[in-house]
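Everything below concerns the one structure shown next.
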Amino acid sequence: MLSLVMRLMKLPLPVLIAASLLATLGATSPDDRTITAPRSITSPANPEAEPISIKDLYYTRSVIAPSWSRDGREIVFTTNLTGRFNLWKVPAGGGWPIQLAQSDDRQEGGQWSPDGKWIVYDQDFGGGAFFDLFAIRSTGGEPVNLTATPEISEEGARWSPDGRRLVFSYRPKTASVVNLALMDWHTRTVTNLTNEKAKDRNWGFDGWSRDGRFIYADRGNVGGTDSDVYQIDASSGNKEGLTPHQGQILYDASSLSPDDRTLLITSNEKGGYNNVALLDIATRKLTWVTHTQWDAVSGDFSPDGKTFTYTLDEDGRTDTYLVERSTGRAERL
């Protein structure tokens with residue numbers, strides 16, 4: 001409904017008032033929606049609720065970017081519980097959170113190493129949204145700046161399965177696009193992986209293969225209207241497009257199956273509407289999971305690869321679905 005309201009706001013006021021909001025209950029697609037009388041819409045009310053002071057209303061805190069430890073026992077996350085977005089961790093079964101790092105600068109994107117000893121994260125400086133990569137022991141201690149490059153922003157690091165390398169986004173201040181780079185964990189040597197020549201294309205990481213040989217990534221235009229999924233050899237940098245097409249179509253991968261055979265993707269190939277599909281890496285064949293004119297977005301495979309998730313935004317109301325891979329049966333969570 002929010003997207004509709006944004007479109008209606010561009011109309012003249014009399015037309016906006018006449019159009020009002022659209023009813024979505026029972027609608028199977030955007031075309032099924034019907035005009036609703038504005039005065040018929042009422043918000044739920046609780047007569048026993050106490051007024052909220054302005055001070056309390058604006059005293060809000062956020063929790064973002066959670067990540068599991070490899071043994072599943074802990075979760076690292078970012079919160080501004082103390083007033084700054086810093087790195088914390090908490091037992092997966094619940095308990096009191098522990099602050100891992102303290103800084104006046106923003107820390108986010110924590111990722112556990114495969115051996116569970118280190119957590120790598122992003123930190124900017126002075127709110128400039130230009131990041132270095134840091135590492136801290138998962139038990140706490142003094143953070144280590146891995147990159148220390150004031151003129152280059154590095155963020156979103158992901159460990160290789162063997163813990164020997166990190167892949168991350170890489171953008172110099174003088175560059176207009178984002179590339180991917182690799183770091184050797186032991187030597188801290190950084191190697192550019194994509195070296196994009198076009199000035200309107202960005203690269204984004206999707207996943208490592210189990211053997212660490214390949215990296216899967218998206219290459220898309222800055223306008224967000226055209227993108228492809230690539231398989232990149234982590235050693236040579238050789239790239240192979242997995243979604244060749246004509247015209248402007250979006251193909252965005254979100255998760256690689258544990259058997260390295262299938263990518264879970266979102267694409268608007270079907271009539272311009274975002275739908276979820278399974279991409280067979282060997283054959284390049286797409287198997288569609290959803291067939292909708294709403295906004296469907298792919299999620300993640302389960303660790304055993306038997307199920308995967310996606311979200312469906314029905315005009316502003318978003319639900320998460322769990323799909324059984326063998327049968328295609330989807331359950332709304």
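Ligands are numbered from 1 in the order shown, residues from 1 within each chain, and chains are lettered A, B, ... in the order they appear in the structure tokens.
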With a distance cut-off of 6 Å and only C-alpha atoms, select the neighbouring residues of A:Ser227, excluding the residue or stretch itself and same-chain residues fewer than 6 positions from it, and output the selection as a CSV table (one decimal) with C-alpha atoms, in the first residue's frame.
chain,number,residue,atom,x,y,z
A,219,ARG,CA,26.8,-7.2,-11.7
A,220,GLY,CA,24.2,-4.5,-12.1
A,250,LEU,CA,17.1,-8.0,-13.3
A,251,TYR,CA,18.7,-11.2,-12.1
Excluding stretch 58-66 of chain A and any residue of its chain fewer than 6 positions from it, enumerate the residues within 7 Å of it, using only C-alpha atoms, and give them as number ranges by chain. A: 75-81, 108-109
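In this structure, atom CA of A:Ala129 sits 10.4 Å away from atom CA of A:Gln107.
Near A:Met183, within 6 Å and counting only C-alpha atoms, sit A:Arg165, A:Leu166, A:Thr189, A:Val190, not including residues fewer than 6 positions from it in the same chain.
Using only C-alpha atoms for every distance, the candidate list A:Asp132, A:Leu146, A:Val90, A:Pro172 yields A:Leu146 as the residue closest to A:Arg188.
Relative to atom CA of A:Leu279, atom CA of A:Gly72 is found at 28.1 Å.
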Write out as a list in words the residues lying within 6 Å of stretch 133-141 of chain A, counting only C-alpha atoms and excluding same-chain residues fewer than 5 positions away. Leu100, Lys117, Trp118, Ile119, Val120, Tyr121, Asp122, Leu146 and Thr147 of chain A
Could those residues be written to a file, using N, CA and C atoms, as a PDB file, in the first residue's frame?
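For reference, out.pdb as written:
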ATOM      1  N   LEU A 100      31.198  -6.259  22.322  1.00  0.00           N
ATOM      2  CA  LEU A 100      32.514  -6.713  21.877  1.00  0.00           C
ATOM      3  C   LEU A 100      33.462  -5.557  21.602  1.00  0.00           C
ATOM      4  N   LYS A 117      37.159 -18.118  15.808  1.00  0.00           N
ATOM      5  CA  LYS A 117      38.072 -17.346  16.655  1.00  0.00           C
ATOM      6  C   LYS A 117      37.999 -15.840  16.400  1.00  0.00           C
ATOM      7  N   TRP A 118      37.597 -15.446  15.193  1.00  0.00           N
ATOM      8  CA  TRP A 118      37.617 -14.022  14.827  1.00  0.00           C
ATOM      9  C   TRP A 118      36.271 -13.573  14.287  1.00  0.00           C
ATOM     10  N   ILE A 119      36.015 -12.285  14.417  1.00  0.00           N
ATOM     11  CA  ILE A 119      34.863 -11.646  13.791  1.00  0.00           C
ATOM     12  C   ILE A 119      35.377 -10.446  13.003  1.00  0.00           C
ATOM     13  N   VAL A 120      35.059 -10.421  11.725  1.00  0.00           N
ATOM     14  CA  VAL A 120      35.435  -9.293  10.864  1.00  0.00           C
ATOM     15  C   VAL A 120      34.216  -8.396  10.681  1.00  0.00           C
ATOM     16  N   TYR A 121      34.424  -7.075  10.705  1.00  0.00           N
ATOM     17  CA  TYR A 121      33.305  -6.150  10.585  1.00  0.00           C
ATOM     18  C   TYR A 121      33.755  -4.856   9.901  1.00  0.00           C
ATOM     19  N   ASP A 122      32.786  -3.989   9.561  1.00  0.00           N
ATOM     20  CA  ASP A 122      33.055  -2.690   8.944  1.00  0.00           C
ATOM     21  C   ASP A 122      33.018  -1.600  10.005  1.00  0.00           C
ATOM     22  N   LEU A 146      42.271  -4.011   9.508  1.00  0.00           N
ATOM     23  CA  LEU A 146      42.857  -4.876   8.489  1.00  0.00           C
ATOM     24  C   LEU A 146      43.271  -4.124   7.239  1.00  0.00           C
ATOM     25  N   THR A 147      42.616  -3.008   6.951  1.00  0.00           N
ATOM     26  CA  THR A 147      42.881  -2.317   5.686  1.00  0.00           C
ATOM     27  C   THR A 147      43.549  -0.957   5.855  1.00  0.00           C
TER      28      THR A 147
END
Just list the residues in stretch 32-69 of chain A DSSP gives strand (DSSP E or B) on the backbone, as a PDB file with N, CA, C and O atoms, in the first residue's frame.
ATOM      1  N   THR A  34      -9.512  -2.650  -5.332  1.00  0.00           N
ATOM      2  CA  THR A  34     -10.671  -1.791  -5.562  1.00  0.00           C
ATOM      3  C   THR A  34     -10.569  -0.535  -4.699  1.00  0.00           C
ATOM      4  O   THR A  34      -9.958  -0.548  -3.628  1.00  0.00           O
ATOM      5  N   ILE A  35     -11.198   0.531  -5.170  1.00  0.00           N
ATOM      6  CA  ILE A  35     -11.171   1.803  -4.458  1.00  0.00           C
ATOM      7  C   ILE A  35     -11.933   1.670  -3.132  1.00  0.00           C
ATOM      8  O   ILE A  35     -13.016   1.095  -3.070  1.00  0.00           O
ATOM      9  N   VAL A  63      18.458  -2.719  16.314  1.00  0.00           N
ATOM     10  CA  VAL A  63      19.297  -3.911  16.247  1.00  0.00           C
ATOM     11  C   VAL A  63      19.363  -4.328  14.780  1.00  0.00           C
ATOM     12  O   VAL A  63      18.325  -4.548  14.150  1.00  0.00           O
ATOM     13  N   ILE A  64      20.576  -4.425  14.217  1.00  0.00           N
ATOM     14  CA  ILE A  64      20.731  -4.715  12.795  1.00  0.00           C
ATOM     15  C   ILE A  64      21.852  -5.737  12.566  1.00  0.00           C
ATOM     16  O   ILE A  64      22.653  -6.008  13.453  1.00  0.00           O
ATOM     17  N   ALA A  65      21.881  -6.285  11.368  1.00  0.00           N
ATOM     18  CA  ALA A  65      22.978  -7.099  10.838  1.00  0.00           C
ATOM     19  C   ALA A  65      23.388  -8.264  11.731  1.00  0.00           C
ATOM     20  O   ALA A  65      24.552  -8.384  12.109  1.00  0.00           O
ATOM     21  N   PRO A  66      22.462  -9.167  12.078  1.00  0.00           N
ATOM     22  CA  PRO A  66      22.849 -10.333  12.893  1.00  0.00           C
ATOM     23  C   PRO A  66      23.581 -11.377  12.059  1.00  0.00           C
ATOM     24  O   PRO A  66      23.362 -11.492  10.851  1.00  0.00           O
ATOM     25  N   SER A  67      24.438 -12.154  12.704  1.00  0.00           N
ATOM     26  CA  SER A  67      25.175 -13.218  12.017  1.00  0.00           C
ATOM     27  C   SER A  67      25.452 -14.362  12.994  1.00  0.00           C
ATOM     28  O   SER A  67      25.904 -14.127  14.116  1.00  0.00           O
ATOM     29  N   TRP A  68      25.196 -15.602  12.553  1.00  0.00           N
ATOM     30  CA  TRP A  68      25.393 -16.781  13.391  1.00  0.00           C
ATOM     31  C   TRP A  68      26.876 -17.123  13.501  1.00  0.00           C
ATOM     32  O   TRP A  68      27.639 -16.993  12.545  1.00  0.00           O
TER      33      TRP A  68
END
Could you list, as a list in words, every residue within 12 Å of A:Gly128, counting only C-alpha atoms and ignoring same-chain residues fewer than 5 positions away? Asp105, Arg106, Gln123, Pro150, Glu151, Ser153 and Lys173 of chain A
Give me, as a count of residues only, all polymer residues having an atom no more than 8 Å from stretch 270-278 of chain A, counting only C-alpha atoms and skipping those fewer than 5 positions away in the same chain. 19
Skip A:Asp300 itself and residues of its chain fewer than 2 positions away, then list as a ChimeraX atom specification all residues within 12 Å of it, counting only C-alpha atoms. /A:206-207,253-258,262-266,276,278,297-298,302-311,320-323,325
